[in-house]
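One file, run.pdb, carrying PDB, C-alpha atoms:
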ATOM      1  CA  MET A   1       0.000   0.000   0.000
ATOM      2  CA  LYS A   2       2.668   2.461   0.935
ATOM      3  CA  SER A   3       5.231   1.828  -1.752
ATOM      4  CA  GLN A   4       6.007  -0.372  -4.685
ATOM      5  CA  THR A   5       5.533  -4.066  -4.079
ATOM      6  CA  ASP A   6       8.535  -6.322  -3.896
ATOM      7  CA  SER A   7       7.135  -9.061  -6.090
ATOM      8  CA  PRO A   8       7.815  -8.585  -9.812
ATOM      9  CA  ILE A   9       5.067 -11.050 -10.672
ATOM     10  CA  ILE A  10       2.345  -8.817  -9.254
ATOM     11  CA  GLU A  11       3.742  -5.761 -10.999
ATOM     12  CA  VAL A  12       4.017  -7.428 -14.411
ATOM     13  CA  ALA A  13       0.584  -9.012 -14.087
ATOM     14  CA  ALA A  14      -1.021  -5.722 -13.082
ATOM     15  CA  ARG A  15       0.688  -3.825 -15.882
ATOM     16  CA  GLY A  16      -0.530  -6.393 -18.363
ATOM     17  CA  LEU A  17      -4.036  -6.582 -16.971
ATOM     18  CA  ALA A  18      -4.832  -2.900 -16.499
ATOM     19  CA  PRO A  19      -5.027  -1.976 -20.232
ATOM     20  CA  VAL A  20      -7.348  -4.931 -20.849
ATOM     21  CA  ILE A  21      -9.657  -3.778 -18.049
ATOM     22  CA  GLN A  22      -9.663  -0.257 -19.443
ATOM     23  CA  LEU A  23     -10.339  -1.546 -22.957
ATOM     24  CA  ILE A  24     -13.343  -3.475 -21.612
ATOM     25  CA  GLY A  25     -14.453  -0.291 -19.871
ATOM     26  CA  ILE A  26     -14.330   1.689 -23.101
ATOM     27  CA  TYR A  27     -16.209  -1.091 -24.895
ATOM     28  CA  VAL A  28     -18.909  -1.128 -22.226
ATOM     29  CA  PHE A  29     -19.220   2.645 -22.419
ATOM     30  CA  PHE A  30     -19.566   2.827 -26.186
ATOM     31  CA  HIS A  31     -21.763  -0.269 -26.358
ATOM     32  CA  GLY A  32     -24.299   1.257 -23.967
ATOM     33  CA  HIS A  33     -26.619   2.148 -26.851
ATOM     34  CA  TYR A  34     -26.905  -1.434 -28.015
ATOM     35  CA  GLY A  35     -26.590  -3.634 -24.968
ATOM     36  CA  PRO A  36     -26.191  -3.640 -21.218
ATOM     37  CA  GLY A  37     -23.691  -1.065 -20.110
ATOM     38  CA  GLY A  38     -23.433   2.668 -20.171
ATOM     39  CA  GLY A  39     -21.606   5.505 -18.560
ATOM     40  CA  PHE A  40     -21.673   4.417 -14.946
ATOM     41  CA  GLN A  41     -20.426   0.883 -15.503
ATOM     42  CA  GLY A  42     -17.820   1.968 -18.043
ATOM     43  CA  GLY A  43     -16.541   4.647 -15.694
ATOM     44  CA  VAL A  44     -16.239   2.225 -12.801
ATOM     45  CA  LEU A  45     -14.347  -0.252 -15.011
ATOM     46  CA  LEU A  46     -11.940   2.478 -16.171
ATOM     47  CA  ALA A  47     -11.408   3.487 -12.547
ATOM     48  CA  ALA A  48     -10.792  -0.148 -11.588
ATOM     49  CA  GLY A  49      -8.001  -0.360 -14.155
ATOM     50  CA  VAL A  50      -6.302   2.721 -12.759
ATOM     51  CA  LEU A  51      -6.801   1.560  -9.165
ATOM     52  CA  LEU A  52      -5.157  -1.771  -9.983
ATOM     53  CA  LEU A  53      -2.103   0.131 -11.174
ATOM     54  CA  ARG A  54      -2.196   2.369  -8.101
ATOM     55  CA  MET A  55      -2.159  -0.685  -5.852
ATOM     56  CA  ALA A  56       0.424  -2.702  -7.757
ATOM     57  CA  VAL A  57       3.139  -0.289  -8.873
ATOM     58  CA  GLY A  58       2.786   2.284  -6.133
ATOM     59  CA  PHE A  59       1.301   5.729  -5.851
ATOM     60  CA  GLU A  60       4.147   7.761  -7.328
ATOM     61  CA  ASN A  61       4.759   5.503 -10.303
ATOM     62  CA  SER A  62       1.136   5.525 -11.378
ATOM     63  CA  GLN A  63       0.824   9.298 -11.551
ATOM     64  CA  VAL A  64       1.516   9.112 -15.278
ATOM     65  CA  GLN A  65      -1.900   7.724 -16.197
ATOM     66  CA  VAL A  66      -4.138   9.944 -14.093
ATOM     67  CA  PRO A  67      -2.406  12.643 -12.040
ATOM     68  CA  SER A  68      -3.772  12.888  -8.533
ATOM     69  CA  ARG A  69      -4.223  16.650  -8.580
ATOM     70  CA  LYS A  70      -6.328  16.598 -11.740
ATOM     71  CA  THR A  71      -8.947  14.084 -10.639
ATOM     72  CA  LEU A  72     -11.374  16.455  -8.957
ATOM     73  CA  ILE A  73     -11.097  18.946 -11.811
ATOM     74  CA  LEU A  74     -12.034  16.252 -14.318
ATOM     75  CA  CYS A  75     -14.863  15.128 -12.027
ATOM     76  CA  SER A  76     -16.260  18.651 -11.975
ATOM     77  CA  VAL A  77     -15.955  18.891 -15.756
ATOM     78  CA  GLY A  78     -17.872  15.626 -16.162
ATOM     79  CA  ALA A  79     -20.731  16.750 -13.932
ATOM     80  CA  LEU A  80     -20.709  20.106 -15.732
ATOM     81  CA  ILE A  81     -21.019  18.407 -19.134
ATOM     82  CA  PHE A  82     -24.096  16.561 -17.936
ATOM     83  CA  ALA A  83     -25.795  19.530 -16.283
ATOM     84  CA  GLY A  84     -24.679  21.910 -19.033
ATOM     85  CA  THR A  85     -26.321  19.837 -21.740
ATOM     86  CA  GLY A  86     -29.588  20.037 -19.852
ATOM     87  CA  LEU A  87     -29.160  23.749 -19.261
ATOM     88  CA  VAL A  88     -28.497  24.435 -22.944
ATOM     89  CA  ALA A  89     -31.694  22.585 -23.785
ATOM     90  CA  LEU A  90     -33.471  24.694 -21.167
ATOM     91  CA  LEU A  91     -32.090  27.939 -22.591
ATOM     92  CA  MET A  92     -33.080  27.003 -26.132
ATOM     93  CA  GLY A  93     -36.735  26.818 -25.197
ATOM     94  CA  GLY A  94     -37.355  23.216 -24.190
ATOM     95  CA  ASN A  95     -37.669  21.530 -20.859
ATOM     96  CA  PHE A  96     -34.640  20.743 -18.715
ATOM     97  CA  MET A  97     -32.879  17.719 -20.263
ATOM     98  CA  ASP A  98     -35.105  17.815 -23.351
ATOM     99  CA  TYR A  99     -32.394  17.085 -25.898
ATOM    100  CA  ALA A 100     -34.533  17.668 -28.948
ATOM    101  CA  HIS A 101     -34.134  21.422 -28.450
ATOM    102  CA  LEU A 102     -30.329  21.381 -28.600
ATOM    103  CA  PRO A 103     -29.048  23.771 -31.270
ATOM    104  CA  VAL A 104     -27.638  21.283 -33.763
ATOM    105  CA  PRO A 105     -28.416  22.288 -37.357
ATOM    106  CA  GLY A 106     -29.293  19.800 -40.021
ATOM    107  CA  MET A 107     -30.362  16.849 -37.893
ATOM    108  CA  GLU A 108     -33.754  15.519 -36.992
ATOM    109  CA  ALA A 109     -34.815  15.379 -33.371
ATOM    110  CA  ALA A 110     -34.329  11.642 -32.879
ATOM    111  CA  ASP A 111     -30.725  11.740 -34.090
ATOM    112  CA  ILE A 112     -30.007  14.721 -31.841
ATOM    113  CA  ARG A 113     -31.282  12.690 -28.924
ATOM    114  CA  TYR A 114     -29.052   9.769 -29.975
ATOM    115  CA  TYR A 115     -25.885  11.857 -29.930
ATOM    116  CA  ALA A 116     -26.964  13.809 -26.831
ATOM    117  CA  ILE A 117     -27.288  10.533 -24.920
ATOM    118  CA  LEU A 118     -23.751   9.610 -26.019
ATOM    119  CA  PHE A 119     -22.512  13.067 -25.007
ATOM    120  CA  ILE A 120     -23.938  12.975 -21.497
ATOM    121  CA  GLU A 121     -22.635   9.422 -21.072
ATOM    122  CA  ILE A 122     -19.163  10.875 -21.662
ATOM    123  CA  GLY A 123     -19.839  13.269 -18.784
ATOM    124  CA  VAL A 124     -21.060  10.468 -16.516
ATOM    125  CA  THR A 125     -18.007   8.348 -17.358
ATOM    126  CA  MET A 126     -15.557  11.161 -16.608
ATOM    127  CA  ALA A 127     -17.284  12.074 -13.354
ATOM    128  CA  VAL A 128     -17.564   8.542 -11.989
ATOM    129  CA  MET A 129     -14.061   7.438 -13.023
ATOM    130  CA  THR A 130     -12.243  10.420 -11.583
ATOM    131  CA  ALA A 131     -14.423  10.538  -8.459
ATOM    132  CA  LEU A 132     -13.502   6.959  -7.572
ATOM    133  CA  ILE A 133      -9.795   7.584  -8.204
ATOM    134  CA  SER A 134      -9.989  10.746  -6.097
ATOM    135  CA  ILE A 135     -11.651   8.879  -3.211
ATOM    136  CA  TYR A 136      -8.906   6.244  -3.369
ATOM    137  CA  ASP A 137      -6.161   8.874  -3.265
ATOM    138  CA  ASP A 138      -7.811  10.636  -0.350
ATOM    139  CA  LEU A 139      -8.228   7.388   1.565
ATOM    140  CA  LEU A 140      -4.550   6.670   1.038
ATOM    141  CA  GLY A 141      -3.791   9.998   2.680
ATOM    142  CA  THR A 142      -1.208  11.326   0.266
TER
ATOM    143  CA  MET B   1     -38.044 -22.565 -14.329
ATOM    144  CA  GLN B   2     -35.053 -24.055 -12.619
ATOM    145  CA  TRP B   3     -35.699 -22.777  -9.131
ATOM    146  CA  GLN B   4     -32.883 -24.889  -7.735
ATOM    147  CA  ILE B   5     -30.218 -22.540  -9.135
ATOM    148  CA  GLU B   6     -31.837 -19.518  -7.572
ATOM    149  CA  PHE B   7     -32.336 -21.347  -4.261
ATOM    150  CA  LEU B   8     -28.638 -22.267  -4.181
ATOM    151  CA  LEU B   9     -27.683 -18.644  -4.917
ATOM    152  CA  PHE B  10     -29.920 -17.412  -2.095
ATOM    153  CA  VAL B  11     -28.427 -19.943   0.328
ATOM    154  CA  ILE B  12     -24.874 -18.832  -0.518
ATOM    155  CA  LEU B  13     -25.997 -15.195  -0.195
ATOM    156  CA  ILE B  14     -27.392 -15.683   3.312
ATOM    157  CA  ILE B  15     -24.402 -17.748   4.451
ATOM    158  CA  ALA B  16     -21.996 -15.087   3.145
ATOM    159  CA  ALA B  17     -23.926 -12.361   4.948
ATOM    160  CA  LEU B  18     -23.903 -14.258   8.253
ATOM    161  CA  VAL B  19     -20.189 -15.068   7.971
ATOM    162  CA  ALA B  20     -19.382 -11.428   7.185
ATOM    163  CA  LEU B  21     -21.302 -10.370  10.278
ATOM    164  CA  GLY B  22     -19.733 -12.835  12.651
ATOM    165  CA  ILE B  23     -16.087 -13.031  11.615
ATOM    166  CA  ARG B  24     -13.410 -11.190  13.617
ATOM    167  CA  ASN B  25     -10.761 -10.725  10.937
ATOM    168  CA  LEU B  26     -11.780  -7.676   8.944
ATOM    169  CA  LEU B  27      -9.972  -8.664   5.742
ATOM    170  CA  ALA B  28     -11.884 -11.946   5.681
ATOM    171  CA  ALA B  29     -15.071  -9.954   6.241
ATOM    172  CA  VAL B  30     -14.287  -7.818   3.200
ATOM    173  CA  VAL B  31     -13.723 -10.913   1.067
ATOM    174  CA  THR B  32     -17.001 -12.361   2.289
ATOM    175  CA  LEU B  33     -18.806  -9.123   1.489
ATOM    176  CA  THR B  34     -17.397  -9.355  -2.024
ATOM    177  CA  ILE B  35     -18.858 -12.853  -2.289
ATOM    178  CA  PHE B  36     -22.171 -11.401  -1.065
ATOM    179  CA  SER B  37     -22.134  -8.711  -3.738
ATOM    180  CA  PHE B  38     -21.271 -11.171  -6.473
ATOM    181  CA  MET B  39     -24.077 -13.515  -5.433
ATOM    182  CA  ALA B  40     -26.509 -10.575  -5.397
ATOM    183  CA  ALA B  41     -25.342  -9.694  -8.918
ATOM    184  CA  LEU B  42     -25.878 -13.284 -10.078
ATOM    185  CA  ILE B  43     -29.387 -13.294  -8.607
ATOM    186  CA  MET B  44     -30.201 -10.036 -10.378
ATOM    187  CA  ILE B  45     -28.886 -11.381 -13.678
ATOM    188  CA  TYR B  46     -30.923 -14.554 -13.193
ATOM    189  CA  MET B  47     -34.018 -12.423 -12.661
ATOM    190  CA  GLY B  48     -33.383 -10.716 -15.988
ATOM    191  CA  ALA B  49     -32.148  -7.324 -14.767
ATOM    192  CA  LEU B  50     -28.884  -7.266 -16.706
ATOM    193  CA  ASP B  51     -27.987  -3.634 -16.126
ATOM    194  CA  VAL B  52     -28.568  -3.740 -12.389
ATOM    195  CA  GLY B  53     -26.611  -6.958 -12.086
ATOM    196  CA  PHE B  54     -23.747  -5.536 -14.127
ATOM    197  CA  THR B  55     -23.586  -2.433 -11.951
ATOM    198  CA  GLU B  56     -23.717  -4.496  -8.787
ATOM    199  CA  ALA B  57     -20.922  -6.786 -10.003
ATOM    200  CA  VAL B  58     -18.668  -3.913 -11.036
ATOM    201  CA  VAL B  59     -19.257  -1.625  -8.056
ATOM    202  CA  GLY B  60     -19.966  -4.041  -5.234
ATOM    203  CA  ALA B  61     -17.460  -6.722  -6.099
ATOM    204  CA  GLY B  62     -14.781  -4.452  -7.543
ATOM    205  CA  VAL B  63     -14.337  -0.958  -6.234
ATOM    206  CA  VAL B  64     -15.990  -1.203  -2.807
ATOM    207  CA  GLY B  65     -13.688  -4.118  -1.964
ATOM    208  CA  ILE B  66     -10.644  -1.999  -2.849
ATOM    209  CA  PHE B  67     -11.896   0.910  -0.716
ATOM    210  CA  ASN B  68     -12.600  -1.359   2.249
ATOM    211  CA  VAL B  69      -9.141  -2.937   2.025
ATOM    212  CA  VAL B  70      -7.499   0.511   1.932
ATOM    213  CA  ALA B  71      -9.546   1.658   4.926
ATOM    214  CA  ILE B  72      -8.559  -1.473   6.870
ATOM    215  CA  PHE B  73      -4.883  -0.969   6.082
ATOM    216  CA  LYS B  74      -5.139   2.603   7.324
ATOM    217  CA  THR B  75      -6.795   1.582  10.618
ATOM    218  CA  SER B  76      -6.586  -1.870  12.210
ATOM    219  CA  ARG B  77      -6.855  -5.468  11.130
ATOM    220  CA  LYS B  78      -9.054  -6.829  13.924
ATOM    221  CA  SER B  79     -12.494  -5.789  15.048
ATOM    222  CA  CYS B  80     -12.587  -4.858  18.718
ATOM    223  CA  ASP B  81     -16.220  -5.329  19.683
TER
ATOM    224  CA  MET C   1     -49.561 -23.715  -1.664
ATOM    225  CA  THR C   2     -49.712 -19.985  -2.082
ATOM    226  CA  VAL C   3     -46.231 -19.604  -3.537
ATOM    227  CA  ALA C   4     -46.797 -22.255  -6.169
ATOM    228  CA  ASP C   5     -49.851 -20.411  -7.438
ATOM    229  CA  LEU C   6     -47.862 -17.298  -8.292
ATOM    230  CA  PRO C   7     -47.303 -16.729 -12.009
ATOM    231  CA  PRO C   8     -43.780 -17.292 -13.372
ATOM    232  CA  ARG C   9     -41.458 -14.329 -13.401
ATOM    233  CA  GLY C  10     -41.781 -12.270 -16.557
ATOM    234  CA  ASP C  11     -45.028 -13.944 -17.646
ATOM    235  CA  ILE C  12     -46.778 -11.666 -20.097
ATOM    236  CA  GLY C  13     -50.203 -12.946 -19.097
ATOM    237  CA  ALA C  14     -49.768 -12.314 -15.386
ATOM    238  CA  PRO C  15     -52.391 -10.057 -13.764
ATOM    239  CA  ILE C  16     -49.825  -7.361 -12.961
ATOM    240  CA  GLN C  17     -49.169  -6.904 -16.698
ATOM    241  CA  GLN C  18     -52.860  -6.449 -17.475
ATOM    242  CA  GLN C  19     -53.502  -3.461 -15.226
ATOM    243  CA  VAL C  20     -54.245   0.058 -16.373
ATOM    244  CA  ASN C  21     -53.888   3.328 -14.539
ATOM    245  CA  PRO C  22     -56.790   4.729 -12.526
ATOM    246  CA  SER C  23     -57.037   7.421 -15.193
ATOM    247  CA  GLY C  24     -57.794   4.793 -17.798
ATOM    248  CA  THR C  25     -54.642   5.065 -19.894
ATOM    249  CA  ASP C  26     -52.027   2.357 -20.221
ATOM    250  CA  VAL C  27     -49.260   2.041 -17.663
ATOM    251  CA  ALA C  28     -46.296   4.329 -18.138
ATOM    252  CA  GLY C  29     -44.018   1.527 -19.323
ATOM    253  CA  ALA C  30     -46.205   0.961 -22.381
ATOM    254  CA  TYR C  31     -45.275   4.378 -23.783
ATOM    255  CA  TYR C  32     -41.563   3.731 -23.376
ATOM    256  CA  ILE C  33     -41.730   0.282 -24.949
ATOM    257  CA  GLU C  34     -43.735   1.566 -27.893
ATOM    258  CA  TYR C  35     -42.010   4.857 -28.668
ATOM    259  CA  ALA C  36     -38.440   4.538 -27.350
ATOM    260  CA  TYR C  37     -36.920   3.749 -30.722
ATOM    261  CA  ARG C  38     -39.010   6.302 -32.566
ATOM    262  CA  ASP C  39     -37.998   9.075 -30.196
ATOM    263  CA  THR C  40     -34.265   8.482 -29.989
ATOM    264  CA  HIS C  41     -33.174   5.925 -32.640
ATOM    265  CA  THR C  42     -31.434   4.009 -29.867
ATOM    266  CA  PRO C  43     -32.044   0.257 -29.715
ATOM    267  CA  ASN C  44     -31.346  -0.171 -26.009
ATOM    268  CA  MET C  45     -34.473   0.829 -24.127
ATOM    269  CA  VAL C  46     -32.735   0.901 -20.759
ATOM    270  CA  ALA C  47     -30.232   3.496 -21.967
ATOM    271  CA  VAL C  48     -33.064   5.613 -23.338
ATOM    272  CA  VAL C  49     -34.967   5.551 -20.064
ATOM    273  CA  LEU C  50     -31.861   6.181 -17.969
ATOM    274  CA  ALA C  51     -30.343   8.938 -20.052
ATOM    275  CA  ASP C  52     -33.289  10.590 -21.749
ATOM    276  CA  TYR C  53     -36.683  10.093 -20.148
ATOM    277  CA  ARG C  54     -35.306   9.954 -16.615
ATOM    278  CA  ALA C  55     -32.145  11.995 -17.134
ATOM    279  CA  PHE C  56     -32.835  14.009 -14.011
ATOM    280  CA  ASP C  57     -32.473  10.821 -11.989
ATOM    281  CA  THR C  58     -29.087  10.074 -13.531
ATOM    282  CA  LEU C  59     -28.037  13.674 -12.901
ATOM    283  CA  GLY C  60     -28.804  13.190  -9.212
ATOM    284  CA  GLU C  61     -26.757   9.984  -9.250
ATOM    285  CA  VAL C  62     -23.736  11.795 -10.678
ATOM    286  CA  ILE C  63     -24.166  14.628  -8.174
ATOM    287  CA  VAL C  64     -24.158  12.078  -5.327
ATOM    288  CA  VAL C  65     -20.874  10.545  -6.532
ATOM    289  CA  PHE C  66     -19.401  14.024  -7.000
ATOM    290  CA  ALA C  67     -20.478  15.051  -3.491
ATOM    291  CA  GLY C  68     -18.819  11.941  -2.084
ATOM    292  CA  ALA C  69     -15.550  12.797  -3.818
ATOM    293  CA  ILE C  70     -15.720  16.406  -2.589
ATOM    294  CA  GLY C  71     -16.436  15.252   0.973
ATOM    295  CA  CYS C  72     -13.491  12.850   0.945
ATOM    296  CA  PHE C  73     -11.312  15.635  -0.439
ATOM    297  CA  PHE C  74     -12.116  18.106   2.317
ATOM    298  CA  ILE C  75     -12.072  15.614   5.192
ATOM    299  CA  LEU C  76      -9.278  13.217   4.365
ATOM    300  CA  ARG C  77      -6.723  14.907   2.112
ATOM    301  CA  ARG C  78      -3.590  16.143   3.825
ATOM    302  CA  ARG C  79      -2.323  19.639   3.271
ATOM    303  CA  THR C  80       1.068  19.589   1.631
TER
END

Please re-express this file's structure in structure tokens.
Amino acid sequence: MKSQTDSPIIEVAARGLAPVIQLIGIYVFFHGHYGPGGGFQGGVLLAAGVLLLRMAVGFENSQVQVPSRKTLILCSVGALIFAGTGLVALLMGGNFMDYAHLPVPGMEAADIRYYAILFIEIGVTMAVMTALISIYDDLLGT
Amino acid sequence: MQWQIEFLLFVILIIAALVALGIRNLLAAVVTLTIFSFMAALIMIYMGALDVGFTEAVVGAGVVGIFNVVAIFKTSRKSCD
Amino acid sequence: MTVADLPPRGDIGAPIQQQVNPSGTDVAGAYYIEYAYRDTHTPNMVAVVLADYRAFDTLGEVIVVFAGAIGCFFILRRRT
């Protein structure tokens, strides 16, 4: 927990396994329109990949992937993407979170809703992933 | 339907919950709670709620276990009640 | 046996699936099942309900996670 583990087996296994976990997370996130999955599950899987690296190779060595001081900023940006999409729809004359009123020229309302769902899922993924990494860093006390 | 599978899952769920309540070693309690979460996810998937089961498996059996282990390593290994 | 007389799970002919609202219209799920693809062109109905029809619910979920991260930041993080 405090520093890099002594066993090279754990380090090599974690470094090999973490990109696969993150690839599955990205697949789950982008496949949310067509099957079970979505932003929350994809974000938690992405966070699990980073947390595996944090546990295996130590706190300082895993700052390359997600820096510890940027996690809360990215979390705020993710929540802001979600709420901002709803607010833009509100300002353009629809209800809050009514994506059909988003100002996208040249698309019908159903397609705007399709891409707006994908856009807010990006916000959910960023917020959940970085929030979990931030909670882990805070629990570690560094 | 094959109610035996679901009955077995419920039995393992209740046993895992009781063991997690009664055990003194906190790390073993965390592992047992992970088993509890995974069994709950399997029951939800068996009932047809794929999204809920997926979320339960990822959150309950993955990240919450990591957080509990970190909290135990920052405090103490044994429960003192 | 009372339990054995219950309909199987997910049975389309069960009495709970035949009910209508007190106002006389269909239950709310019937609208989502019928018009989810027409409204959003998204095949997964669960994603449509979570992110479009009930987006306010998902927004509250994200705010809860964000509030947890902020609380851990202010309580647990050491000043350097």

Shell around A:Leu45 at 7 Å using only C-alpha atoms, local window under 2 positions removed, as a ChimeraX atom specification: /A:21-22,25,41-43,47-49 /B:58

B:Leu33 environment, 9 Å, all atoms listed in the file, sequence neighbours closer than 2 positions dropped, as an NGL selection string: :B and (16-17 or 19-20 or 28-31 or 35-38 or 60-61 or 65)

Among the residues B:Tyr46, B:Asp51, B:Phe7, B:Gly22, the one that comes closest to A:Gly35 [using all atoms listed in the file]: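 Distance minimum relative to A:Gly35 lands on B:Asp51.
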
With all atoms listed in the file counted and 10 Å as the cut-off, give the residues of chain A in contact with chain C, each with its shortest interatomic distance in Å and the pair that gives it, as a Markdown table.
| residue | atom | partner | partner_atom | distance |
| --- | --- | --- | --- | --- |
| A:His31 | CA | C:Asn44 | CA | 9.6 |
| A:Gly32 | CA | C:Ala47 | CA | 6.6 |
| A:His33 | CA | C:Asn44 | CA | 5.3 |
| A:Tyr34 | CA | C:Asn44 | CA | 5.0 |
| A:Gly35 | CA | C:Asn44 | CA | 6.0 |
| A:Pro36 | CA | C:Asn44 | CA | 7.8 |
| A:Gly37 | CA | C:Ala47 | CA | 8.2 |
| A:Gly38 | CA | C:Ala47 | CA | 7.1 |
| A:Gly39 | CA | C:Ala47 | CA | 9.5 |
| A:Phe40 | CA | C:Val62 | CA | 8.8 |
| A:Thr71 | CA | C:Ala69 | CA | 9.6 |
| A:Leu72 | CA | C:Ala69 | CA | 7.6 |
| A:Cys75 | CA | C:Phe66 | CA | 6.9 |
| A:Ser76 | CA | C:Phe66 | CA | 7.5 |
| A:Gly78 | CA | C:Val62 | CA | 8.9 |
| A:Ala79 | CA | C:Val62 | CA | 6.6 |
| A:Leu80 | CA | C:Ile63 | CA | 10.0 |
| A:Phe82 | CA | C:Leu59 | CA | 7.0 |
| A:Ala83 | CA | C:Leu59 | CA | 7.1 |
| A:Gly86 | CA | C:Ala55 | CA | 8.9 |
| A:Phe96 | CA | C:Phe56 | CA | 8.4 |
| A:Met97 | CA | C:Ala55 | CA | 6.6 |
| A:Asp98 | CA | C:Asp52 | CA | 7.6 |
| A:Tyr99 | CA | C:Asp52 | CA | 7.8 |
| A:Ala100 | CA | C:Thr40 | CA | 9.2 |
| A:Glu108 | CA | C:Thr40 | CA | 9.9 |
| A:Ala109 | CA | C:Thr40 | CA | 7.7 |
| A:Ala110 | CA | C:Thr40 | CA | 4.3 |
| A:Asp111 | CA | C:Thr40 | CA | 6.3 |
| A:Ile112 | CA | C:Thr40 | CA | 7.8 |
| A:Arg113 | CA | C:Thr40 | CA | 5.3 |
| A:Tyr114 | CA | C:Thr40 | CA | 5.4 |
| A:Tyr115 | CA | C:Thr40 | CA | 9.0 |
| A:Ala116 | CA | C:Asp52 | CA | 8.7 |
| A:Ile117 | CA | C:Ala51 | CA | 6.0 |
| A:Leu118 | CA | C:Ala51 | CA | 8.9 |
| A:Ile120 | CA | C:Ala51 | CA | 7.7 |
| A:Glu121 | CA | C:Ala51 | CA | 7.8 |
| A:Gly123 | CA | C:Val62 | CA | 9.1 |
| A:Val124 | CA | C:Val62 | CA | 6.6 |
| A:Thr125 | CA | C:Val62 | CA | 9.5 |
| A:Ala127 | CA | C:Phe66 | CA | 7.0 |
| A:Val128 | CA | C:Val65 | CA | 6.7 |
| A:Met129 | CA | C:Val65 | CA | 9.9 |
| A:Thr130 | CA | C:Ala69 | CA | 8.8 |
| A:Ala131 | CA | C:Ala69 | CA | 5.3 |
| A:Leu132 | CA | C:Ala69 | CA | 7.2 |
| A:Ile133 | CA | C:Ala69 | CA | 8.9 |
| A:Ser134 | CA | C:Ala69 | CA | 6.4 |
| A:Ile135 | CA | C:Ala69 | CA | 5.6 |
| A:Tyr136 | CA | C:Cys72 | CA | 9.1 |
| A:Asp137 | CA | C:Arg77 | CA | 8.1 |
| A:Asp138 | CA | C:Arg77 | CA | 5.0 |
| A:Leu139 | CA | C:Leu76 | CA | 6.6 |
| A:Leu140 | CA | C:Arg77 | CA | 8.6 |
| A:Gly141 | CA | C:Arg77 | CA | 5.7 |
| A:Thr142 | CA | C:Arg78 | CA | 6.4 |

Would you output that residue set with C-alpha atoms, as an mmCIF file, in the coordinates of the input?
data_model
loop_
_atom_site.group_PDB
_atom_site.id
_atom_site.type_symbol
_atom_site.label_atom_id
_atom_site.label_comp_id
_atom_site.auth_asym_id
_atom_site.auth_seq_id
_atom_site.Cartn_x
_atom_site.Cartn_y
_atom_site.Cartn_z
ATOM 1 C CA HIS A 31 -21.763 -0.269 -26.358
ATOM 2 C CA GLY A 32 -24.299 1.257 -23.967
ATOM 3 C CA HIS A 33 -26.619 2.148 -26.851
ATOM 4 C CA TYR A 34 -26.905 -1.434 -28.015
ATOM 5 C CA GLY A 35 -26.590 -3.634 -24.968
ATOM 6 C CA PRO A 36 -26.191 -3.640 -21.218
ATOM 7 C CA GLY A 37 -23.691 -1.065 -20.110
ATOM 8 C CA GLY A 38 -23.433 2.668 -20.171
ATOM 9 C CA GLY A 39 -21.606 5.505 -18.560
ATOM 10 C CA PHE A 40 -21.673 4.417 -14.946
ATOM 11 C CA THR A 71 -8.947 14.084 -10.639
ATOM 12 C CA LEU A 72 -11.374 16.455 -8.957
ATOM 13 C CA CYS A 75 -14.863 15.128 -12.027
ATOM 14 C CA SER A 76 -16.260 18.651 -11.975
ATOM 15 C CA GLY A 78 -17.872 15.626 -16.162
ATOM 16 C CA ALA A 79 -20.731 16.750 -13.932
ATOM 17 C CA LEU A 80 -20.709 20.106 -15.732
ATOM 18 C CA PHE A 82 -24.096 16.561 -17.936
ATOM 19 C CA ALA A 83 -25.795 19.530 -16.283
ATOM 20 C CA GLY A 86 -29.588 20.037 -19.852
ATOM 21 C CA PHE A 96 -34.640 20.743 -18.715
ATOM 22 C CA MET A 97 -32.879 17.719 -20.263
ATOM 23 C CA ASP A 98 -35.105 17.815 -23.351
ATOM 24 C CA TYR A 99 -32.394 17.085 -25.898
ATOM 25 C CA ALA A 100 -34.533 17.668 -28.948
ATOM 26 C CA GLU A 108 -33.754 15.519 -36.992
ATOM 27 C CA ALA A 109 -34.815 15.379 -33.371
ATOM 28 C CA ALA A 110 -34.329 11.642 -32.879
ATOM 29 C CA ASP A 111 -30.725 11.740 -34.090
ATOM 30 C CA ILE A 112 -30.007 14.721 -31.841
ATOM 31 C CA ARG A 113 -31.282 12.690 -28.924
ATOM 32 C CA TYR A 114 -29.052 9.769 -29.975
ATOM 33 C CA TYR A 115 -25.885 11.857 -29.930
ATOM 34 C CA ALA A 116 -26.964 13.809 -26.831
ATOM 35 C CA ILE A 117 -27.288 10.533 -24.920
ATOM 36 C CA LEU A 118 -23.751 9.610 -26.019
ATOM 37 C CA ILE A 120 -23.938 12.975 -21.497
ATOM 38 C CA GLU A 121 -22.635 9.422 -21.072
ATOM 39 C CA GLY A 123 -19.839 13.269 -18.784
ATOM 40 C CA VAL A 124 -21.060 10.468 -16.516
ATOM 41 C CA THR A 125 -18.007 8.348 -17.358
ATOM 42 C CA ALA A 127 -17.284 12.074 -13.354
ATOM 43 C CA VAL A 128 -17.564 8.542 -11.989
ATOM 44 C CA MET A 129 -14.061 7.438 -13.023
ATOM 45 C CA THR A 130 -12.243 10.420 -11.583
ATOM 46 C CA ALA A 131 -14.423 10.538 -8.459
ATOM 47 C CA LEU A 132 -13.502 6.959 -7.572
ATOM 48 C CA ILE A 133 -9.795 7.584 -8.204
ATOM 49 C CA SER A 134 -9.989 10.746 -6.097
ATOM 50 C CA ILE A 135 -11.651 8.879 -3.211
ATOM 51 C CA TYR A 136 -8.906 6.244 -3.369
ATOM 52 C CA ASP A 137 -6.161 8.874 -3.265
ATOM 53 C CA ASP A 138 -7.811 10.636 -0.350
ATOM 54 C CA LEU A 139 -8.228 7.388 1.565
ATOM 55 C CA LEU A 140 -4.550 6.670 1.038
ATOM 56 C CA GLY A 141 -3.791 9.998 2.680
ATOM 57 C CA THR A 142 -1.208 11.326 0.266
#
